[in-house]
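Single-structure report; data block below.
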Amino acid sequence: MAPTLTTAYLLTDELAAPTERTRAGAWVNTSCNAGSSTATALTGTLLTHLPLPACLLLAATPPLAALALRGHGGEPRQGLGERRGPVC
């Protein structure tokens, strides 16, 4: 979550007008908190209505889907993992 949140703050800071940067950053923070709260409430609801193995299967679905979509080759795709210069 940290890289995504950092990217959101950096993009917001870059795209917002100088007079609106604080407000835009607050909206990023609010959105993150709302998403986390909603996910926590949904998880609690699922745990009360579904057996634990089903919940664990649901939790494993996104990373397993990402692995399946990545492909079968062991070699990384061209361009991935290469540094293009300093980040800052």
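So you can find residues: chains in the structure tokens are A, B, ... in the order shown, residues in each start at 1, and ligands are numbered from 1 in order.
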Exercise. Please provide the set of residues having any atom within 12 Å of Leu46 in chain A, restricted to only C-alpha atoms, with same-chain residues fewer than 6 positions apart removed, written as a PyMOL selection string.
Key: chain A and resi 39-40+52-59
Practice problem: Measure the distance from CA of Ser31 in chain A to CA of Pro62 in chain A in Å and round it to one decimal. | Solution: 21.1 Å
Exercise. Grab the CA of Asn33 in chain A to CA of Pro3 in chain A distance for me, in Å with one decimal place.
Key: 15.7 Å
Exercise. Using CA of Arg21 in chain A and CA of Ser37 in chain A as the two end points, give the distance in Å to one decimal.
Key: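 Rounded to one decimal, the two atoms are 24.3 Å apart.
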